[in-house]
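Undergrad: One file is attached below, run_13.cif, containing mmCIF, C-alpha atoms.
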data_target
#
loop_
_atom_site.label_atom_id
_atom_site.label_comp_id
_atom_site.auth_asym_id
_atom_site.auth_seq_id
_atom_site.Cartn_x
_atom_site.Cartn_y
_atom_site.Cartn_z
CA MET A 1 0.00 0.00 0.00
CA ASN A 2 1.36 3.43 -0.88
CA LYS A 3 0.60 6.78 0.75
CA GLU A 4 -2.25 7.67 -1.63
CA GLU A 5 -3.99 4.34 -1.10
CA ALA A 6 -3.70 4.72 2.65
CA LEU A 7 -5.04 8.26 2.52
CA PHE A 8 -7.98 7.13 0.36
CA LYS A 9 -8.85 4.45 2.91
CA TYR A 10 -8.54 6.90 5.77
CA LEU A 11 -10.82 9.43 4.06
CA ILE A 12 -13.37 6.69 3.40
CA ARG A 13 -13.26 5.75 7.08
CA LEU A 14 -13.90 9.33 8.22
CA GLY A 15 -16.40 9.99 5.44
CA ASP A 16 -18.44 6.87 6.19
CA ASN A 17 -18.60 7.78 9.88
CA ALA A 18 -20.03 11.18 9.02
CA LEU A 19 -22.37 9.82 6.35
CA ILE A 20 -23.88 6.99 8.39
CA LEU A 21 -24.29 9.11 11.51
CA GLY A 22 -25.85 11.86 9.40
CA GLN A 23 -28.27 9.38 7.84
CA ARG A 24 -29.20 7.94 11.25
CA LEU A 25 -29.84 11.37 12.75
CA GLY A 26 -31.82 12.36 9.69
CA GLU A 27 -34.29 9.61 10.58
CA TRP A 28 -35.35 11.81 13.50
CA CYS A 29 -36.61 14.56 11.20
CA GLY A 30 -40.22 15.19 12.19
CA HIS A 31 -40.18 12.59 14.97
CA ALA A 32 -38.45 14.13 18.02
CA HIS A 33 -40.34 14.81 21.24
CA GLN A 34 -40.36 18.53 20.66
CA LEU A 35 -39.66 20.94 17.85
CA GLU A 36 -36.48 22.24 19.50
CA SER A 37 -34.90 18.77 19.71
CA ASP A 38 -36.06 17.88 16.22
CA ILE A 39 -34.23 20.88 14.79
CA ALA A 40 -31.17 20.30 17.01
CA LEU A 41 -30.79 16.69 15.86
CA THR A 42 -31.27 17.49 12.20
CA ASN A 43 -28.77 20.35 12.50
CA VAL A 44 -26.23 17.83 13.72
CA ALA A 45 -27.28 15.49 10.91
CA LEU A 46 -26.66 18.20 8.33
CA ASP A 47 -23.24 19.03 9.81
CA ASN A 48 -22.35 15.37 9.39
CA VAL A 49 -23.64 15.13 5.84
CA GLY A 50 -21.62 18.24 5.02
CA GLN A 51 -18.48 16.66 6.45
CA ALA A 52 -19.19 13.42 4.57
CA ARG A 53 -19.45 15.34 1.30
CA MET A 54 -16.07 17.01 1.80
CA LEU A 55 -14.39 13.75 2.78
CA LEU A 56 -15.87 11.52 0.09
CA THR A 57 -15.25 14.09 -2.63
CA LYS A 58 -11.61 14.27 -1.59
CA ALA A 59 -11.40 10.47 -1.36
CA GLY A 60 -12.63 10.23 -4.96
CA GLU A 61 -9.97 12.72 -6.10
CA ILE A 62 -7.18 10.88 -4.30
CA GLU A 63 -8.32 7.54 -5.70
CA GLY A 64 -8.13 8.93 -9.24
CA LYS A 65 -10.81 6.66 -10.73
CA GLU A 66 -13.24 9.51 -11.30
CA ARG A 67 -15.60 8.38 -8.57
CA THR A 68 -17.70 11.26 -7.20
CA GLU A 69 -19.02 11.71 -3.65
CA ASP A 70 -22.32 10.24 -4.86
CA ASP A 71 -20.64 7.20 -6.40
CA LEU A 72 -18.93 6.52 -3.11
CA ALA A 73 -21.99 7.17 -0.96
CA PHE A 74 -24.61 5.39 -3.03
CA HIS A 75 -22.80 2.76 -5.07
CA ARG A 76 -20.78 0.87 -2.52
CA ASN A 77 -21.96 -2.19 -0.60
CA GLU A 78 -21.90 -2.96 3.11
CA PHE A 79 -18.52 -4.65 3.15
CA GLU A 80 -16.95 -1.61 1.48
CA PHE A 81 -18.14 0.73 4.23
CA ARG A 82 -15.69 1.54 7.01
CA ASN A 83 -17.81 3.48 9.50
CA ASN A 84 -17.52 2.50 13.14
CA LEU A 85 -20.16 0.04 14.36
CA LEU A 86 -21.28 2.51 17.04
CA LEU A 87 -22.67 4.90 14.43
CA GLU A 88 -24.86 2.39 12.62
CA GLN A 89 -26.61 1.32 15.84
CA PRO A 90 -30.35 2.08 15.80
CA ASN A 91 -31.64 5.40 17.10
CA GLY A 92 -33.76 3.66 19.73
CA ASP A 93 -35.36 6.30 21.94
CA PHE A 94 -34.08 9.86 22.26
CA GLY A 95 -31.83 8.78 25.13
CA GLN A 96 -30.12 6.11 23.08
CA THR A 97 -29.56 8.52 20.20
CA ILE A 98 -28.07 11.05 22.62
CA MET A 99 -25.85 8.45 24.28
CA ARG A 100 -24.49 7.30 20.89
CA GLN A 101 -23.90 10.92 19.97
CA PHE A 102 -22.14 11.68 23.26
CA LEU A 103 -19.77 8.69 23.04
CA PHE A 104 -18.84 9.65 19.50
CA ASP A 105 -18.72 13.44 19.98
CA VAL A 106 -16.14 13.19 22.75
CA PHE A 107 -14.03 10.90 20.56
CA GLN A 108 -14.42 13.14 17.52
CA PHE A 109 -13.59 16.26 19.52
CA HIS A 110 -10.26 14.89 20.74
CA PHE A 111 -9.55 13.28 17.37
CA LEU A 112 -10.05 16.51 15.42
CA ASN A 113 -7.99 18.44 17.95
CA GLU A 114 -5.07 16.18 17.05
CA LEU A 115 -5.89 16.08 13.35
CA LYS A 116 -5.46 19.88 13.33
CA LYS A 117 -1.73 19.21 13.49
CA SER A 118 -1.77 17.07 10.32
CA LYS A 119 0.91 17.72 7.71
CA ASN A 120 -1.73 17.02 5.06
CA ASP A 121 -3.36 20.32 4.05
CA PHE A 122 -6.79 18.85 3.41
CA LEU A 123 -6.97 16.94 6.70
CA GLN A 124 -5.67 19.96 8.55
CA SER A 125 -8.27 22.36 7.17
CA PHE A 126 -11.02 19.75 7.46
CA ALA A 127 -10.16 19.39 11.16
CA VAL A 128 -10.25 23.14 11.79
CA LYS A 129 -13.63 23.56 10.12
CA SER A 130 -15.26 20.48 11.65
CA LEU A 131 -13.95 21.08 15.13
CA LYS A 132 -16.25 24.10 15.51
CA GLU A 133 -19.25 21.96 14.60
CA VAL A 134 -18.22 19.03 16.77
CA SER A 135 -17.53 21.28 19.77
CA TYR A 136 -21.16 22.32 19.63
CA HIS A 137 -22.38 18.73 19.18
CA ARG A 138 -20.30 17.69 22.18
CA GLY A 139 -21.79 20.43 24.36
CA LEU A 140 -25.30 19.50 23.31
CA SER A 141 -24.97 15.74 23.85
CA SER A 142 -23.02 16.04 27.13
CA ASP A 143 -25.66 18.39 28.45
CA TRP A 144 -28.47 15.97 27.62
CA VAL A 145 -26.61 12.96 29.06
CA ILE A 146 -26.24 14.75 32.41
CA ARG A 147 -29.76 16.14 32.31
CA LEU A 148 -31.41 12.78 31.57
CA GLY A 149 -29.00 10.54 33.49
CA ASP A 150 -29.37 12.65 36.62
CA GLY A 151 -33.04 13.34 35.90
CA THR A 152 -36.07 11.27 36.88
CA ASP A 153 -35.95 7.51 37.60
CA LYS A 154 -37.44 6.89 34.19
CA SER A 155 -34.95 9.03 32.29
CA HIS A 156 -32.06 7.62 34.34
CA ASN A 157 -33.06 4.05 33.51
CA LYS A 158 -33.38 4.83 29.83
CA MET A 159 -29.92 6.38 29.76
CA GLN A 160 -28.41 3.47 31.68
CA ASN A 161 -30.01 1.03 29.22
CA ALA A 162 -28.58 3.04 26.34
CA LEU A 163 -25.10 3.00 27.86
CA ASP A 164 -25.36 -0.75 28.51
CA ALA A 165 -26.34 -1.34 24.88
CA LEU A 166 -23.70 0.89 23.30
CA TRP A 167 -20.62 0.60 25.47
CA GLU A 168 -19.27 -2.50 23.73
CA TYR A 169 -19.05 -0.54 20.46
CA THR A 170 -16.67 2.07 21.84
CA GLY A 171 -13.46 0.02 21.89
CA GLU A 172 -13.45 -0.09 18.13
CA LEU A 173 -13.13 3.67 17.80
CA PHE A 174 -9.47 3.34 18.78
CA GLU A 175 -8.49 0.37 16.61
CA MET A 176 -5.66 0.96 14.18
CA ASN A 177 -4.32 -1.01 11.23
CA GLU A 178 -1.64 -0.64 8.54
CA VAL A 179 -3.41 2.45 7.16
CA ASP A 180 -2.84 4.27 10.45
CA GLU A 181 0.69 2.99 10.72
CA LEU A 182 1.67 4.37 7.34
CA LEU A 183 -0.04 7.77 7.80
CA ILE A 184 1.23 8.25 11.36
CA LYS A 185 4.76 7.92 10.00
CA GLU A 186 3.97 10.76 7.59
CA ASP A 187 2.63 12.92 10.47
CA MET A 188 -0.69 13.05 8.68
CA VAL A 189 -2.97 11.44 11.30
CA PRO A 190 -2.99 11.03 15.09
CA ASP A 191 -2.11 7.87 16.99
CA LEU A 192 -5.54 6.77 18.24
CA SER A 193 -4.10 4.91 21.22
CA GLU A 194 -2.96 8.27 22.58
CA LEU A 195 -6.50 9.64 22.33
CA LYS A 196 -8.01 6.88 24.42
CA PRO A 197 -6.99 8.17 27.90
CA LYS A 198 -8.37 11.64 27.08
CA TRP A 199 -11.62 10.15 25.82
CA GLU A 200 -11.96 7.89 28.84
CA GLU A 201 -11.29 10.67 31.29
CA GLU A 202 -13.92 12.97 29.82
CA VAL A 203 -16.53 10.24 29.25
CA LYS A 204 -16.13 8.95 32.79
CA ALA A 205 -16.42 12.44 34.28
CA ILE A 206 -19.65 13.19 32.42
CA LEU A 207 -21.15 9.75 33.10
CA ASN A 208 -20.26 10.17 36.74
CA GLU A 209 -22.03 13.51 36.86
CA ALA A 210 -24.96 11.86 35.11
CA THR A 211 -24.99 9.14 37.83
CA LEU A 212 -24.57 6.44 35.17
CA THR A 213 -22.45 3.30 35.49
CA ILE A 214 -20.21 1.92 32.76
CA PRO A 215 -21.24 -1.72 32.22
CA ASP A 216 -18.77 -4.51 32.85
CA THR A 217 -18.36 -6.25 29.49
CA LYS A 218 -15.65 -8.50 30.94
CA GLY A 219 -13.20 -7.11 28.46
CA TYR A 220 -15.41 -7.82 25.45
CA MET A 221 -15.59 -5.17 22.75
CA ALA A 222 -17.27 -5.54 19.36
CA THR A 223 -14.96 -5.25 16.38
CA GLY A 224 -14.99 -5.51 12.61
CA SER A 225 -15.61 -2.22 10.82
CA ARG A 226 -11.97 -1.62 9.89
CA ASP A 227 -12.29 -4.74 7.73
CA GLY A 228 -15.82 -4.02 6.52
CA HIS A 229 -17.59 -6.39 8.92
CA HIS A 230 -20.72 -4.71 10.20
CA THR A 231 -23.72 -5.34 12.43
CA GLU A 232 -26.97 -6.30 10.73
CA HIS A 233 -28.16 -2.68 10.93
CA LEU A 234 -25.95 -1.22 8.21
CA GLY A 235 -27.67 -3.11 5.39
CA TYR A 236 -31.02 -1.57 6.27
CA ILE A 237 -29.53 1.92 6.39
CA LEU A 238 -27.96 1.48 2.97
CA ALA A 239 -31.15 -0.02 1.54
CA GLU A 240 -33.04 3.12 2.46
CA MET A 241 -30.25 5.57 1.63
CA GLN A 242 -29.20 4.02 -1.67
CA TYR A 243 -32.54 2.89 -3.07
CA LEU A 244 -33.30 5.90 -5.23
CA PRO A 245 -29.85 6.48 -6.78
CA ARG A 246 -29.62 2.77 -7.57
CA MET A 247 -33.10 2.59 -9.10
CA MET A 248 -32.43 5.73 -11.17
CA PRO A 249 -28.69 6.11 -11.53
CA ASP A 250 -28.87 9.25 -13.65
CA ALA A 251 -31.47 11.04 -11.56
CA LYS A 252 -30.63 14.69 -10.96
CA TRP A 253 -32.18 17.30 -8.70
CA MET B 1 -32.79 28.84 38.29
CA THR B 2 -35.87 28.85 40.49
CA ASP B 3 -38.51 26.14 40.44
CA GLN B 4 -40.01 27.36 37.16
CA THR B 5 -38.83 24.33 35.23
CA GLU B 6 -42.05 22.79 34.04
CA ASN B 7 -45.33 23.81 32.54
CA GLN B 8 -48.31 21.65 31.89
CA ASP B 9 -47.42 20.20 28.50
CA GLY B 10 -44.17 18.66 29.79
CA GLN B 11 -42.02 20.52 27.27
CA GLY B 12 -40.54 22.90 29.82
CA LEU B 13 -40.97 26.62 30.24
CA LEU B 14 -41.61 28.96 27.38
CA TRP B 15 -38.75 31.41 26.71
CA GLU B 16 -38.74 34.48 24.51
CA VAL B 17 -35.73 34.70 22.23
CA PHE B 18 -33.97 37.92 21.25
CA VAL B 19 -31.30 37.81 18.57
CA GLN B 20 -28.72 40.45 17.75
CA SER B 21 -27.85 40.23 14.08
CA LYS B 22 -24.76 42.49 14.15
CA PRO B 23 -22.57 43.80 16.95
CA GLY B 24 -23.78 47.17 18.23
CA ILE B 25 -27.41 46.98 17.22
CA PRO B 26 -30.30 46.08 19.53
CA HIS B 27 -31.43 42.51 20.16
CA LYS B 28 -34.66 41.89 18.31
CA HIS B 29 -37.45 39.51 19.25
CA ALA B 30 -37.17 36.38 17.10
CA GLY B 31 -39.75 34.04 18.62
CA SER B 32 -39.92 31.56 21.45
CA VAL B 33 -38.62 28.12 22.47
CA HIS B 34 -39.40 25.49 25.10
CA ALA B 35 -36.65 24.59 27.55
CA HIS B 36 -36.17 23.45 31.13
CA ASP B 37 -33.54 26.03 31.99
CA ALA B 38 -31.67 29.01 30.57
CA GLU B 39 -28.71 27.05 29.21
CA MET B 40 -30.98 24.69 27.34
CA ALA B 41 -33.05 27.63 26.09
CA LEU B 42 -29.93 29.27 24.63
CA LYS B 43 -28.99 26.07 22.80
CA ALA B 44 -32.53 25.63 21.48
CA ALA B 45 -32.61 29.26 20.37
CA ARG B 46 -29.29 28.83 18.60
CA ASP B 47 -30.60 25.84 16.70
CA VAL B 48 -34.01 27.28 15.87
CA TYR B 49 -33.25 30.94 15.15
CA THR B 50 -29.62 31.30 14.04
CA ARG B 51 -29.22 28.46 11.52
CA ARG B 52 -28.73 30.88 8.64
CA ARG B 53 -26.17 33.17 10.24
CA GLU B 54 -28.80 35.50 11.66
CA GLY B 55 -27.03 36.06 14.94
CA THR B 56 -23.99 37.26 16.84
CA SER B 57 -25.63 37.18 20.27
CA ILE B 58 -28.75 35.65 21.83
CA TRP B 59 -30.82 36.59 24.89
CA VAL B 60 -33.47 34.33 26.36
CA VAL B 61 -36.04 35.45 28.91
CA PRO B 62 -38.75 33.35 30.58
CA SER B 63 -41.96 34.42 28.89
CA ASN B 64 -43.73 34.69 32.24
CA MET B 65 -41.21 37.32 33.33
CA ILE B 66 -42.33 39.71 30.62
CA SER B 67 -45.01 42.23 31.46
CA ALA B 68 -46.95 43.69 28.59
CA THR B 69 -49.39 46.47 27.99
CA THR B 70 -52.94 45.46 27.20
CA GLU B 71 -55.23 46.70 24.48
CA ALA B 72 -57.20 48.62 27.08
CA ASP B 73 -54.07 50.61 27.91
CA ALA B 74 -53.55 51.70 24.32
CA GLU B 75 -55.51 54.96 24.40
CA SER B 76 -53.91 56.39 27.51
CA PHE B 77 -50.44 55.03 26.74
CA PHE B 78 -49.99 55.88 23.11
CA ASP B 79 -52.54 58.34 21.79
CA PRO B 80 -51.10 61.38 23.61
CA ALA B 81 -47.97 61.07 21.44
CA ASP B 82 -49.97 61.44 18.22
CA ASP B 83 -49.99 65.26 18.07
CA LYS B 84 -46.49 66.00 19.33
CA ALA B 85 -44.48 66.20 16.14
CA TYR B 86 -41.84 68.30 17.89
CA ARG B 87 -40.67 65.15 19.67
CA HIS B 88 -39.22 63.83 16.42
CA PRO B 89 -35.64 65.01 16.03
CA THR B 90 -36.08 65.78 12.33
CA PHE B 91 -34.22 69.09 12.51
CA TYR B 92 -30.77 67.52 12.80
CA THR B 93 -28.49 66.26 10.09
CA ILE B 94 -27.08 62.84 10.91
CA PRO B 95 -23.30 62.44 10.63
CA ASP B 96 -22.19 60.01 7.90
CA GLY B 97 -20.49 57.68 10.36
CA VAL B 98 -23.69 56.82 12.23
CA LYS B 99 -25.05 53.63 10.78
CA TYR B 100 -27.86 52.22 12.85
CA LEU B 101 -29.91 55.24 13.96
#
If you took the structure in this file and wrote it as structure tokens, what would it be?

TA:
Amino acid sequence: MNKEEALFKYLIRLGDNALILGQRLGEWCGHAHQLESDIALTNVALDNVGQARMLLTKAGEIEGKERTEDDLAFHRNEFEFRNNLLLEQPNGDFGQTIMRQFLFDVFQFHFLNELKKSKNDFLQSFAVKSLKEVSYHRGLSSDWVIRLGDGTDKSHNKMQNALDALWEYTGELFEMNEVDELLIKEDMVPDLSELKPKWEEEVKAILNEATLTIPDTKGYMATGSRDGHHTEHLGYILAEMQYLPRMMPDAKW
Amino acid sequence: MTDQTENQDGQGLLWEVFVQSKPGIPHKHAGSVHAHDAEMALKAARDVYTRRREGTSIWVVPSNMISATTEADAESFFDPADDKAYRHPTFYTIPDGVKYL
């Protein structure tokens, strides 16, 4: 694998995270418990779709096979997607959506803070732009986690159930492979193992304030997305997201 | 905050939102949001009323803290100003540098 191939794979990884999370959050449009939350969630969704567009467009350029952002978003199959398993997990109730968002936002915040130092111009400017968005997402989701976790018995239980369901998907955020190895050597991307203590510290502090308990998974963590192995949920997301462009490949707005 | 965290529909208090579109000019009423406290109200207001770069600053105020005139007050409050044209400072020229008067 050369540098360009590694960069392409890295951009796909970041782009798929943004795309799948954006699609998931978009499912809330018109369904949240109040107008204010509906707009907040879809704002976050749109930020993610915007990031996905930048990343997948750039990935297509780097690849050099004339694939556009749409080709990459709508004409790849499950096993070609590299988004983290956490992000394809179902929305569940509002609490579960918020918990998923919180666990990812804290990761993304620390990740982008490191990515700002990238020697690659695109990654560097992408990090600067996205960090502003993600800082807001992180404030929003942390706030809700504390509010609901340390809220009523009912809201506390819902948040604890969400944490129990999602915790096993967090280990995978920090997995690295030969793509990371090659790009770390070029000072283009951060070493994810160095992010983990920062993530853990912040997540634990907020969960503690929210009176929530991290479940004991006895060391088990789900894995697979770096190699394109996904949970059963991704196929359904793609079926809905890709249906129209696949039925009518030349459809234009 | 005080105990004013809930109203009957379970969506939280109603807050009036005031948005300043540029530094130096007054905050203008934009609408209202539901929220359980001020911090949440500011976030909701940001998402609902400043999505298209409308704002540089936001104020939120609990709607029940606003006192308003009633229609019955209108005659005594406002009509006396009708015939006092001399209260309009139309006899001054405004310096070029003043933008938002």

Undergrad: Output the residue selection produced by the PyMOL selection byres ((chain B and resi 43) around 12) on the file above, formatted as JSON, numbers by chain.

TA: {"A": [36, 37, 39, 40, 41, 43, 136, 137, 139, 140, 141, 143, 144], "B": [15, 17, 33, 34, 35, 36, 37, 38, 39, 40, 41, 42, 44, 45, 46, 47, 48, 49, 50, 51, 57, 58, 59, 60]}

Undergrad: Name every residue that the PyMOL selection byres ((chain A and resi 220) around 12) selects in this structure, writing the answer as an NGL selection string with chains first and numbers rising.

TA: :A and (167-172 or 215-219 or 221-223)

Undergrad: Could you tell me which of A:Val128, A:Ile214, A:Leu123, A:Leu103 comes closest to Glu202 (chain A) if we count all atoms listed in the file?

TA: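 Nearest to Glu202 (chain A): A:Leu103.
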
Undergrad: Could you please give me, as a short mmCIF file (atom, residue, chain, number, x, y, z; two decimals) with C-alpha atoms, keeping the file's coordinate frame, the residues of protein, DNA or RNA lying at most 12 Å from (-29.0, 49.1, 15.6) in the coordinate frame of the file, considering only C-alpha atoms?

TA:
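Final file, result30.cif:
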data_model
loop_
_atom_site.label_atom_id
_atom_site.label_comp_id
_atom_site.auth_asym_id
_atom_site.auth_seq_id
_atom_site.Cartn_x
_atom_site.Cartn_y
_atom_site.Cartn_z
CA VAL B 19 -31.30 37.81 18.57
CA GLN B 20 -28.72 40.45 17.75
CA SER B 21 -27.85 40.23 14.08
CA LYS B 22 -24.76 42.49 14.15
CA PRO B 23 -22.57 43.80 16.95
CA GLY B 24 -23.78 47.17 18.23
CA ILE B 25 -27.41 46.98 17.22
CA PRO B 26 -30.30 46.08 19.53
CA HIS B 27 -31.43 42.51 20.16
CA LYS B 28 -34.66 41.89 18.31
CA VAL B 98 -23.69 56.82 12.23
CA LYS B 99 -25.05 53.63 10.78
CA TYR B 100 -27.86 52.22 12.85
CA LEU B 101 -29.91 55.24 13.96
#

Undergrad: Which residues are close to Gln89 (chain A), i.e. within 12 Å by only C-alpha atoms, leaving aside same-chain residues fewer than 3 positions away? Reply as a PyMOL selection string.

TA: chain A and resi 17+20-21+23-25+83-86+92-93+96-101+104+162+165-170+230-237

Undergrad: When distances are computed from all atoms listed in the file, which of B:Gly55, B:Pro62, B:Gly10, B:Gly97 shows the smallest separation from chain A?

TA: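 Smallest separation from chain A among the options: B:Gly10.
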
Undergrad: I'd like the interatomic distance between CA of Thr211 (chain A) and CA of Ala32 (chain A), to a tenth of an Å.

TA: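 Distance reported for this atom pair: 24.5 Å.
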
Undergrad: Could you state the separation of CA of Phe109 (chain A) and CA of Gly228 (chain A) in Å, given to one decimal place?

TA: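 A separation of 24.2 Å between them.
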
Undergrad: How many Å lie between CA of Leu19 (chain A) and CA of Val49 (chain A), rounded to one decimal?

TA: 5.5 Å

Undergrad: From the set B:Leu14, B:Pro89, B:Asp83, B:Ala30, which residue has the shortest atom-to-atom contact distance to Glu54 (chain B), counting all atoms listed in the file?

TA: B:Ala30

Undergrad: Need the shell around Lys198 (chain A): protein/DNA/RNA residues with any atom at most 12 Å away, counting only C-alpha atoms. Skip same-chain ones fewer than 3 positions apart. Format as a list of chain:residue names?

TA: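 Everything that qualifies: A:Val106, A:Phe107, A:Gln108, A:Phe109, A:His110, A:Phe111, A:Asn113, A:Glu114, A:Phe174, A:Leu192, A:Ser193, A:Glu194, A:Leu195, A:Glu201, A:Glu202, A:Val203, A:Lys204, A:Ala205.
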
Undergrad: Find the residue from A:Met1, A:Leu148, A:Leu55, A:Leu131 that sits nearest to chain B; use only C-alpha atoms when measuring.

TA: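 For chain B, the nearest of the given residues is A:Leu148.
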
Undergrad: A:Ser135, A:Ser125, A:Asn208, A:Gln34: which is nearest chain B, counting only C-alpha atoms?

TA: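 For chain B, the nearest of the given residues is A:Gln34.
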